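Have a look at query_24.tsv; it's TSV, C-alpha atoms:
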chain	number	residue	atom	x	y	z
A	270	MET	CA	59.68	49.66	50.51
A	271	LYS	CA	56.85	51.57	48.91
A	272	THR	CA	57.88	55.02	47.74
A	273	ARG	CA	55.30	57.78	48.07
A	274	ILE	CA	55.27	60.34	45.25
A	275	LEU	CA	54.20	63.82	46.31
A	276	LYS	CA	53.53	66.31	43.52
A	277	ILE	CA	54.05	69.76	45.03
A	278	ASP	CA	53.77	73.14	43.29
A	279	ARG	CA	57.12	74.89	43.73
A	280	HIS	CA	55.46	78.29	43.89
A	281	ASN	CA	52.63	77.34	46.25
A	282	PRO	CA	53.62	74.24	48.28
A	283	ASP	CA	50.77	72.26	49.83
A	284	LYS	CA	51.16	72.51	53.62
A	285	GLY	CA	49.78	69.03	54.27
A	286	LYS	CA	52.16	67.37	51.83
A	287	MET	CA	55.09	69.37	53.19
A	288	ARG	CA	54.28	68.26	56.73
A	289	ALA	CA	54.08	64.64	55.59
A	290	ALA	CA	57.51	64.82	53.92
A	291	ALA	CA	59.02	66.66	56.90
A	292	SER	CA	57.84	63.98	59.31
A	293	VAL	CA	59.84	61.46	57.29
A	294	ILE	CA	62.98	63.60	57.62
A	295	ARG	CA	62.51	64.01	61.39
A	296	ARG	CA	62.28	60.27	61.97
A	297	GLY	CA	65.42	59.57	59.92
A	298	GLY	CA	63.74	58.50	56.70
A	299	ILE	CA	64.81	59.47	53.19
A	300	VAL	CA	63.14	62.11	51.01
A	301	VAL	CA	64.18	63.01	47.46
A	302	PHE	CA	63.41	66.68	46.95
A	303	PRO	CA	63.99	69.44	44.38
A	304	THR	CA	66.46	72.31	44.60
A	305	GLU	CA	67.32	74.96	42.04
A	306	THR	CA	70.47	73.04	41.04
A	307	VAL	CA	69.53	69.34	40.93
A	308	TYR	CA	67.33	67.02	42.98
A	309	GLY	CA	68.76	65.96	46.33
A	310	ILE	CA	68.35	62.79	48.38
A	311	GLY	CA	68.02	63.92	51.96
A	312	THR	CA	67.65	62.95	55.59
A	313	ASN	CA	68.19	64.35	59.10
A	314	ALA	CA	71.72	65.81	59.11
A	315	LEU	CA	71.99	65.43	62.89
A	316	SER	CA	71.51	61.66	62.81
A	317	ALA	CA	74.48	59.38	62.09
A	318	GLU	CA	72.15	56.45	61.51
A	319	ALA	CA	70.09	58.40	58.99
A	320	ALA	CA	73.21	59.56	57.15
A	321	ARG	CA	74.40	55.95	56.79
A	322	LYS	CA	71.15	55.19	54.96
A	323	ILE	CA	72.02	57.80	52.31
A	324	TYR	CA	75.41	56.21	51.65
A	325	LYS	CA	73.83	52.76	51.40
A	326	VAL	CA	71.01	53.75	49.05
A	327	LYS	CA	73.33	55.68	46.74
A	328	GLY	CA	76.20	53.19	46.89
A	329	ARG	CA	78.33	56.18	47.91
A	330	PRO	CA	81.82	55.80	49.44
A	331	SER	CA	81.69	56.67	53.16
A	332	ASP	CA	84.56	59.18	52.90
A	333	ASN	CA	82.65	61.31	50.39
A	334	PRO	CA	81.07	64.17	52.44
A	335	LEU	CA	77.41	65.14	52.26
A	336	ILE	CA	76.22	68.71	51.77
A	337	VAL	CA	74.06	69.97	54.63
A	338	HIS	CA	71.13	72.18	53.64
A	339	ALA	CA	69.91	74.82	56.07
A	340	SER	CA	66.89	77.12	55.96
A	341	ASP	CA	68.64	80.28	57.19
A	342	MET	CA	71.90	81.62	58.63
A	343	LYS	CA	70.78	80.92	62.19
A	344	MET	CA	70.44	77.22	61.43
A	345	ALA	CA	73.63	77.17	59.33
A	346	SER	CA	75.59	78.75	62.19
A	347	LYS	CA	74.55	75.91	64.49
A	348	ILE	CA	76.18	73.46	62.06
A	349	GLY	CA	79.33	75.28	60.95
A	350	ILE	CA	81.65	78.01	62.21
A	351	PHE	CA	81.98	80.86	59.71
A	352	PRO	CA	85.04	83.15	59.63
A	353	LYS	CA	83.89	86.51	61.01
A	354	ARG	CA	85.29	88.47	58.07
A	355	TYR	CA	83.17	86.45	55.63
A	356	TYR	CA	79.93	86.09	57.59
A	357	LYS	CA	78.09	89.05	56.05
A	358	ILE	CA	79.24	88.16	52.54
A	359	VAL	CA	78.05	84.57	52.91
A	360	GLU	CA	74.74	85.82	54.25
A	361	SER	CA	74.34	88.08	51.21
A	362	LEU	CA	74.95	85.22	48.77
A	363	TRP	CA	72.40	82.87	50.31
A	364	PRO	CA	70.01	81.44	49.41
A	365	GLY	CA	71.73	80.38	46.22
A	366	PRO	CA	73.71	77.73	44.35
A	367	ILE	CA	76.92	78.05	46.37
A	368	THR	CA	78.16	75.76	49.15
A	369	PHE	CA	80.71	76.84	51.75
A	370	VAL	CA	83.09	74.49	53.53
A	371	VAL	CA	83.74	75.64	57.10
A	372	LYS	CA	84.78	74.13	60.42
A	373	ALA	CA	82.07	71.76	61.68
A	374	ARG	CA	80.46	72.03	65.09
A	375	LYS	CA	80.41	68.98	67.33
A	376	THR	CA	76.72	68.44	66.67
A	377	VAL	CA	77.48	67.23	63.12
A	378	PRO	CA	78.06	63.45	62.87
A	379	LEU	CA	81.26	62.29	61.17
A	380	GLU	CA	79.05	60.21	58.88
A	381	VAL	CA	77.84	63.50	57.39
A	382	THR	CA	81.27	65.09	57.04
A	383	GLY	CA	82.94	62.00	55.62
A	384	GLY	CA	85.14	61.82	58.71
A	385	LEU	CA	86.42	65.39	58.29
A	386	LYS	CA	86.44	68.27	60.76
A	387	THR	CA	84.79	70.49	58.17
A	388	VAL	CA	81.23	70.58	56.87
A	389	ALA	CA	79.79	71.66	53.51
A	390	LEU	CA	76.81	73.99	53.97
A	391	ARG	CA	74.33	75.78	51.77
A	392	ILE	CA	70.89	77.39	51.77
A	393	PRO	CA	69.02	76.40	48.59
A	394	GLU	CA	67.08	78.91	46.53
A	395	HIS	CA	63.98	76.76	46.05
A	396	ARG	CA	60.77	77.30	47.98
A	397	VAL	CA	59.91	73.60	48.32
A	398	ALA	CA	63.39	72.76	49.61
A	399	LEU	CA	63.29	75.63	52.11
A	400	GLU	CA	59.81	74.73	53.30
A	401	LEU	CA	60.89	71.12	53.79
A	402	ILE	CA	63.85	72.16	55.97
A	403	ARG	CA	61.78	74.64	57.99
A	404	GLU	CA	58.94	72.19	58.52
A	405	SER	CA	61.40	69.46	59.50
A	406	GLY	CA	63.05	71.69	62.06
A	407	VAL	CA	66.44	70.12	61.36
A	408	PRO	CA	69.13	70.65	58.70
A	409	ILE	CA	68.98	68.16	55.86
A	410	ALA	CA	72.03	66.25	54.63
A	411	ALA	CA	71.47	65.80	50.92
A	412	PRO	CA	73.86	64.85	48.15
A	413	SER	CA	72.60	64.86	44.56
A	414	ALA	CA	69.86	62.35	43.84
A	415	ASN	CA	71.63	59.72	41.80
A	416	ILE	CA	73.17	56.30	42.16
A	417	SER	CA	76.87	56.80	42.85
A	418	LYS	CA	78.84	57.62	39.67
A	419	LYS	CA	75.68	58.17	37.59
A	420	PRO	CA	74.33	61.48	36.20
A	421	SER	CA	72.42	63.55	38.76
A	422	ALA	CA	68.63	63.71	38.67
A	423	THR	CA	67.27	67.02	37.46
A	424	ASN	CA	63.60	66.02	37.52
A	425	ALA	CA	61.40	63.61	39.45
A	426	GLY	CA	61.37	61.12	36.58
A	427	HIS	CA	65.12	60.66	36.87
A	428	ALA	CA	64.76	60.28	40.65
A	429	MET	CA	62.03	57.67	40.30
A	430	ALA	CA	64.16	55.62	37.93
A	431	TYR	CA	67.01	55.64	40.45
A	432	PHE	CA	65.17	55.30	43.76
A	433	SER	CA	61.62	54.03	43.40
A	434	GLY	CA	61.18	51.37	46.09
A	435	LYS	CA	64.38	52.47	47.86
A	436	VAL	CA	63.35	55.75	49.54
A	437	ASP	CA	60.32	56.84	51.55
A	438	VAL	CA	59.23	59.88	49.54
A	439	ILE	CA	60.00	61.54	46.21
A	440	ILE	CA	58.77	65.10	45.80
A	441	ASP	CA	57.93	66.09	42.24
A	442	SER	CA	58.16	69.84	41.66
A	443	GLY	CA	59.20	69.86	38.02
A	444	ALA	CA	62.63	70.26	36.47
A	445	ALA	CA	65.54	71.94	38.26
A	446	SER	CA	66.12	75.42	36.85
A	447	ILE	CA	69.94	75.29	36.79
A	448	GLY	CA	70.79	71.65	36.07
A	449	ILE	CA	74.24	71.22	37.64
A	450	GLU	CA	75.22	71.17	41.29
A	451	SER	CA	76.28	74.09	43.47
A	452	THR	CA	79.78	75.55	43.49
A	453	ILE	CA	81.74	74.49	46.59
A	454	LEU	CA	84.13	77.05	48.12
A	455	ASN	CA	86.41	76.26	51.07
A	456	LEU	CA	86.43	79.47	53.08
A	457	GLY	CA	89.55	78.45	54.99
A	458	THR	CA	91.79	78.07	51.95
A	459	PHE	CA	89.58	80.16	49.63
A	460	THR	CA	89.71	77.35	47.10
A	461	ILE	CA	86.96	76.21	44.74
A	462	LEU	CA	86.68	72.49	45.45
A	463	ARG	CA	83.93	71.95	42.89
A	464	PRO	CA	82.84	74.49	40.26
A	465	GLY	CA	79.16	74.72	39.57
A	466	ALA	CA	76.23	77.02	39.14
A	467	PHE	CA	77.86	79.97	40.95
A	468	PRO	CA	80.73	81.20	38.72
A	469	ALA	CA	84.23	81.92	40.01
A	470	GLU	CA	83.90	85.42	38.60
A	471	ARG	CA	80.95	86.14	40.93
A	472	ILE	CA	82.89	84.81	43.91
A	473	ALA	CA	85.78	87.15	43.12
A	474	ALA	CA	83.41	90.11	42.83
A	475	ALA	CA	81.61	89.32	46.09
A	476	PHE	CA	84.70	88.68	48.23
A	477	GLY	CA	87.12	91.07	46.56
A	478	ARG	CA	89.64	88.31	45.89
A	479	LYS	CA	90.03	85.57	43.30
A	480	PRO	CA	89.47	82.01	44.47
A	481	ILE	CA	92.07	79.31	43.84
A	482	ILE	CA	90.97	76.79	41.20
A	483	GLY	CA	92.86	73.49	41.26
A	484	VAL	CA	93.06	70.69	38.71
A	485	ALA	CA	90.40	68.70	40.57
A	486	ALA	CA	87.96	71.60	40.25
A	487	SER	CA	88.57	71.86	36.53
A	488	GLY	CA	87.83	68.15	36.19
A	489	ILE	CA	91.21	67.46	34.58
A	490	ALA	CA	92.04	65.01	37.37
A	491	ASP	CA	90.37	63.54	40.45
A	492	ALA	CA	91.55	64.55	43.92
A	493	ASP	CA	93.35	62.07	46.18
A	494	ARG	CA	91.10	63.10	49.05
A	495	ALA	CA	87.40	63.87	49.09
A	496	SER	CA	87.39	67.14	51.03
A	497	ALA	CA	84.08	67.97	49.34
A	498	PRO	CA	81.52	66.15	47.18
A	499	GLY	CA	82.50	65.57	43.55
A	500	MET	CA	86.27	65.64	44.05
A	501	LYS	CA	87.74	62.16	44.49
A	502	TYR	CA	85.45	59.72	42.74
A	503	ARG	CA	84.12	59.33	39.22
A	504	HIS	CA	80.79	61.03	38.76
A	505	TYR	CA	78.04	61.68	36.25
A	506	SER	CA	78.92	58.71	33.99
A	507	PRO	CA	76.43	57.04	31.65
A	508	ASP	CA	76.87	53.32	30.90
A	509	THR	CA	77.63	54.16	27.29
A	510	PRO	CA	81.39	54.82	26.81
A	511	LEU	CA	81.82	58.54	26.36
A	512	PHE	CA	84.74	60.36	24.72
A	513	LEU	CA	85.34	64.11	24.93
A	514	TYR	CA	86.14	65.96	21.70
A	515	THR	CA	88.52	68.85	22.45
A	516	GLY	CA	89.14	70.17	18.94
A	517	ALA	CA	87.52	73.06	17.11
A	518	PRO	CA	83.80	72.66	16.28
A	519	SER	CA	84.68	72.98	12.58
A	520	GLY	CA	86.74	69.77	12.77
A	521	LEU	CA	84.13	67.68	14.55
A	522	ALA	CA	82.61	65.96	11.51
A	523	GLY	CA	86.02	65.08	10.11
A	524	SER	CA	87.21	63.67	13.43
A	525	MET	CA	84.21	61.33	13.60
A	526	ALA	CA	84.35	60.23	9.97
A	527	GLY	CA	85.15	56.63	9.17
A	528	ILE	CA	84.24	55.17	12.57
A	529	LYS	CA	82.30	51.93	12.27
A	530	GLY	CA	79.34	50.98	14.40
A	531	SER	CA	76.59	52.87	16.11
A	532	ILE	CA	77.79	56.24	17.43
A	533	ALA	CA	75.90	58.89	19.36
A	534	PHE	CA	76.78	62.53	19.81
A	535	VAL	CA	75.91	64.77	22.75
A	536	GLY	CA	76.39	68.48	22.20
A	537	SER	CA	75.18	71.88	21.11
A	538	ASP	CA	72.37	72.53	18.66
A	539	GLU	CA	74.95	73.97	16.27
A	540	SER	CA	77.10	70.83	16.23
A	541	CYS	CA	74.08	68.52	16.09
A	542	ARG	CA	72.98	70.26	12.90
A	543	ILE	CA	76.42	69.64	11.37
A	544	LEU	CA	76.23	65.92	12.26
A	545	ARG	CA	72.61	65.42	11.24
A	546	GLY	CA	72.22	62.10	9.41
A	547	ARG	CA	75.72	60.90	10.34
A	548	CYS	CA	74.88	59.64	13.85
A	549	ARG	CA	72.30	59.79	16.60
A	550	THR	CA	72.37	63.20	18.28
A	551	ILE	CA	71.25	64.48	21.68
A	552	ARG	CA	70.86	68.25	21.78
A	553	LEU	CA	71.80	70.23	24.88
A	554	GLY	CA	70.94	73.69	23.58
A	555	SER	CA	72.75	76.52	21.86
A	556	ARG	CA	76.47	77.01	22.45
A	557	LYS	CA	75.62	80.71	22.80
A	558	ARG	CA	73.50	79.99	25.89
A	559	PRO	CA	75.66	78.09	28.42
A	560	GLY	CA	72.87	78.15	30.99
A	561	GLU	CA	70.79	76.08	28.60
A	562	ILE	CA	73.66	73.60	28.15
A	563	ALA	CA	73.95	73.23	31.94
A	564	ARG	CA	70.21	72.77	32.37
A	565	ASN	CA	70.07	69.93	29.83
A	566	LEU	CA	73.43	68.23	30.45
A	567	PHE	CA	72.45	65.51	32.93
A	568	ASP	CA	69.17	64.83	31.17
A	569	GLY	CA	71.13	64.33	27.95
A	570	LEU	CA	73.56	61.93	29.60
A	571	ILE	CA	70.69	59.93	31.08
A	572	LYS	CA	68.93	59.78	27.69
A	573	LEU	CA	72.17	58.60	26.07
A	574	ASP	CA	71.91	55.10	27.50
A	575	ALA	CA	68.51	54.62	25.82
A	576	VAL	CA	70.07	55.20	22.40
A	577	GLY	CA	71.96	51.90	22.41
A	578	ALA	CA	75.12	53.30	20.83
A	579	ARG	CA	78.44	51.48	20.88
A	580	PHE	CA	79.97	54.70	22.21
A	581	ALA	CA	79.29	58.40	22.24
A	582	VAL	CA	81.16	61.64	21.68
A	583	ILE	CA	80.53	64.80	23.67
A	584	GLU	CA	81.93	68.18	22.71
A	585	SER	CA	83.74	70.70	24.90
A	586	PHE	CA	82.51	74.18	25.79
A	587	SER	CA	83.95	77.49	26.91
A	588	GLU	CA	85.01	77.44	30.57
A	589	LYS	CA	83.93	81.00	31.29
A	590	GLY	CA	81.23	81.49	33.91
A	591	ILE	CA	79.10	78.40	34.42
A	592	GLY	CA	81.14	76.75	31.65
A	593	LEU	CA	83.80	75.73	34.19
A	594	GLY	CA	81.18	73.70	36.04
A	595	ILE	CA	79.86	72.23	32.79
A	596	MET	CA	83.33	71.07	31.74
A	597	ASN	CA	84.03	69.63	35.18
A	598	ARG	CA	80.95	67.40	34.77
A	599	ILE	CA	81.77	66.49	31.17
A	600	ARG	CA	85.40	65.52	31.87
A	601	LYS	CA	84.30	63.30	34.76
A	602	ALA	CA	81.47	61.78	32.72
A	603	ALA	CA	84.01	60.93	29.98
A	604	ASN	CA	86.41	59.49	32.57
A	605	HIS	CA	89.02	62.05	31.44
A	606	THR	CA	89.13	60.34	28.04
A	607	GLN	CA	89.52	62.81	25.20
A	608	PHE	CA	90.54	63.16	21.56
A	609	SER	CA	90.95	65.89	18.97
A	610	THR	CA	91.63	63.95	15.73
A	611	ALA	CA	90.11	61.09	13.78
A	612	ALA	CA	93.19	58.94	14.40
A	613	GLN	CA	92.91	59.36	18.16
A	614	LEU	CA	89.20	58.49	18.12
A	615	LYS	CA	89.90	55.35	16.09
A	616	LYS	CA	92.39	54.21	18.73
A	617	LEU	CA	89.82	54.72	21.47
A	618	ALA	CA	87.11	52.96	19.48
A	619	ALA	CA	89.41	50.01	18.76
A	620	ARG	CA	89.60	49.25	22.48
A	621	LEU	CA	85.85	48.78	22.73
A	622	PRO	CA	83.78	45.65	21.92
A	623	GLU	CA	82.74	45.16	18.31
A	624	ALA	CA	79.91	47.26	16.91
A	625	GLY	CA	76.53	46.13	18.13
A	626	VAL	CA	77.89	44.64	21.34
A	627	ARG	CA	76.99	46.71	24.32
A	628	THR	CA	76.62	45.89	27.99
A	629	ALA	CA	75.57	48.02	30.91
A	630	GLY	CA	76.22	48.48	34.58
A	631	ARG	CA	79.35	46.85	35.92
A	632	LYS	CA	80.53	45.52	32.56
A	633	GLY	CA	80.02	48.95	31.03
A	634	GLN	CA	82.16	50.46	33.77
A	635	GLU	CA	84.93	47.92	33.18
A	636	ARG	CA	84.87	48.78	29.48
A	637	ARG	CA	85.28	52.48	30.25
A	638	ASP	CA	88.20	51.68	32.53
A	639	ALA	CA	89.93	49.80	29.71
A	640	ALA	CA	89.42	52.67	27.33
A	641	SER	CA	90.47	55.41	29.73
A	642	GLY	CA	93.43	57.66	29.11
A	643	MET	CA	94.27	60.96	27.49
A	644	LEU	CA	95.34	61.07	23.88

Kindly return the structure encoded in the file as structure tokens.
Amino acid sequence: MKTRILKIDRHNPDKGKMRAAASVIRRGGIVVFPTETVYGIGTNALSAEAARKIYKVKGRPSDNPLIVHASDMKMASKIGIFPKRYYKIVESLWPGPITFVVKARKTVPLEVTGGLKTVALRIPEHRVALELIRESGVPIAAPSANISKKPSATNAGHAMAYFSGKVDVIIDSGAASIGIESTILNLGTFTILRPGAFPAERIAAAFGRKPIIGVAASGIADADRASAPGMKYRHYSPDTPLFLYTGAPSGLAGSMAGIKGSIAFVGSDESCRILRGRCRTIRLGSRKRPGEIARNLFDGLIKLDAVGARFAVIESFSEKGIGLGIMNRIRKAANHTQFSTAAQLKKLAARLPEAGVRTAGRKGQERRDAASGML
């Protein structure tokens, strides 16, 4: 398959290019497109056959639901049934980086809902995405644009590396402004199923009640059932083994001292300055600006595999605001493997191949499995 790349200005989308991309959606083809959170890989949400293509291209488990993107509340209401008491609140929060799980209407294929009676819905706050949906005339089922388990694409370059030759169209509209996926809120149970770009604090303020946040949402553990994207299966993982440092920033250098082999570090500008000259570093931005950390997180994880390190360490961040979503992604990327002392890191490193030996893909995954566990 030849993939067509369409460069479209996010502020002034070219009508001809938008019509071309929309025609692909209508006929059940696959278009990778930008949103404010991350890039999505989308198709006609009303077609079971088209939805199956998304699962196949991504290598995504069939019980992992897809998020359906609508252009307005009228379209969204044809897909899902919103509780009357929340309708006006939902309407006020869209478009935006929040997804609501509601009862699905019969028009939604089970292939889109992962076999569930609920559907995950959102209206993106990105002009190109909205124009694509409107021009298509159908809602678009679109999970994040990545190969299953890998970091999500936040620019067209990432998307091309994942899907060139596998999808019909990739729209290039520059980097996503937020960098992590939308928050998912089940309106029936009022539970955050996946934290993200819309903080729990804002949800509480908008609805007048605090949402429930379970262990799966925090990223401490995976859910037994995928009632929403990002819950049950490992996500966001680079091939390079990644360990989460949970200690104080002041103890970071000491905890990494004495480890043999090539090590990389992914973290804040402040911590990277401390570790300068000791290992390869990938900067995510200032710890004082969590939005910057979120925006650069997936790009940093994708760049990590080009470093060629035996393993990498990533630091933890405050879980206030968007930080909860950041830590959800980091814990999953590290396969819930963490340490806080030099002794614990040495034990984790000892389970890996000798320094200089590094494989990718399936072998890299098997190595992470062997090293998994909380210390």

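A straight line drawn from atom CA of Met270 of chain A to atom CA of Gly434 of chain A is 5.0 Å long.
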
Using only C-alpha atoms, which residues sit within 12 Å of Lys529 of chain A once same-chain residues fewer than 3 positions away are excluded, as a PyMOL selection string?
-> chain A and resi 525-526+532-533+547-548+578-580+614-615+618-619+621-625

For the atom pair atom CA of Ser421 of chain A and atom CA of Gly311 of chain A, what is the interatomic distance in Å to one decimal place?
-> 13.9 Å

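Picture a line from atom CA of Ser446 of chain A to atom CA of His395 of chain A; it runs 9.5 Å.
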
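Considering the residues A:Arg295, A:Arg391, A:Lys601, A:Lys284 and counting only C-alpha atoms, Val337 of chain A has its shortest atom-to-atom contact with A:Arg391.
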
Shell of 12 Å around Gly426 of chain A, all atoms listed in the file, local chain residues under 4 positions omitted, as a PyMOL selection string = chain A and resi 274+276+301-303+308+414-415+421-422+430-433+439-445+568+571-572

Any chance you could export the current selection's C-alpha atoms as a PDB file, in the coordinates of the input?
ATOM      1  CA  ILE A 274      55.270  60.340  45.250  1.00  0.00           C
ATOM      2  CA  LYS A 276      53.530  66.310  43.520  1.00  0.00           C
ATOM      3  CA  VAL A 301      64.180  63.010  47.460  1.00  0.00           C
ATOM      4  CA  PHE A 302      63.410  66.680  46.950  1.00  0.00           C
ATOM      5  CA  PRO A 303      63.990  69.440  44.380  1.00  0.00           C
ATOM      6  CA  TYR A 308      67.330  67.020  42.980  1.00  0.00           C
ATOM      7  CA  ALA A 414      69.860  62.350  43.840  1.00  0.00           C
ATOM      8  CA  ASN A 415      71.630  59.720  41.800  1.00  0.00           C
ATOM      9  CA  SER A 421      72.420  63.550  38.760  1.00  0.00           C
ATOM     10  CA  ALA A 422      68.630  63.710  38.670  1.00  0.00           C
ATOM     11  CA  ALA A 430      64.160  55.620  37.930  1.00  0.00           C
ATOM     12  CA  TYR A 431      67.010  55.640  40.450  1.00  0.00           C
ATOM     13  CA  PHE A 432      65.170  55.300  43.760  1.00  0.00           C
ATOM     14  CA  SER A 433      61.620  54.030  43.400  1.00  0.00           C
ATOM     15  CA  ILE A 439      60.000  61.540  46.210  1.00  0.00           C
ATOM     16  CA  ILE A 440      58.770  65.100  45.800  1.00  0.00           C
ATOM     17  CA  ASP A 441      57.930  66.090  42.240  1.00  0.00           C
ATOM     18  CA  SER A 442      58.160  69.840  41.660  1.00  0.00           C
ATOM     19  CA  GLY A 443      59.200  69.860  38.020  1.00  0.00           C
ATOM     20  CA  ALA A 444      62.630  70.260  36.470  1.00  0.00           C
ATOM     21  CA  ALA A 445      65.540  71.940  38.260  1.00  0.00           C
ATOM     22  CA  ASP A 568      69.170  64.830  31.170  1.00  0.00           C
ATOM     23  CA  ILE A 571      70.690  59.930  31.080  1.00  0.00           C
ATOM     24  CA  LYS A 572      68.930  59.780  27.690  1.00  0.00           C
TER      25      LYS A 572
END

Closest to Asp283 of chain A among A:Lys327, A:Lys322, A:Val307, A:Glu404, using only C-alpha atoms?
-> A:Glu404

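Nearest to Glu561 of chain A of all the residues A:Gly516, A:Gly406, A:Gly448, A:Pro480 is A:Gly448, based on all atoms listed in the file.
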
Spatial sel., origin (58.4, 70.5, 49.3), limit 7 Å, all atoms listed in the file, listed as a ChimeraX atom specification | /A:277,282,287,302,397-398,400-401,440

When distances are computed from all atoms listed in the file, which of A:Ile583, A:Ala522, A:Ala291, A:Ile528 shows the smallest separation from Arg542 of chain A?
->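 The closest residue to Arg542 of chain A is A:Ala522.
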
Which residues come within 7 Å of Ala319 of chain A, counting only C-alpha atoms, excluding same-chain residues fewer than 6 positions away, as a PyMOL selection string?
-> chain A and resi 297-298+312-313

For segment 448-451 of chain A, I'd like the enclosing box, axis-aligned and padded by 4 Å on every side, reported as JSON with centre and edge lengths in Å to one decimal.
{"center_x": 73.5, "center_y": 72.6, "center_z": 39.8, "size_x": 13.5, "size_y": 10.9, "size_z": 15.4}

Between A:Ala603, A:Ala563, A:Ile482, A:Ala469, which one has atoms that come closest to Thr509 of chain A, using all atoms listed in the file?
->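 Of A:Ala603, A:Ala563, A:Ile482, A:Ala469, the one nearest Thr509 of chain A is A:Ala603, counting all atoms listed in the file.
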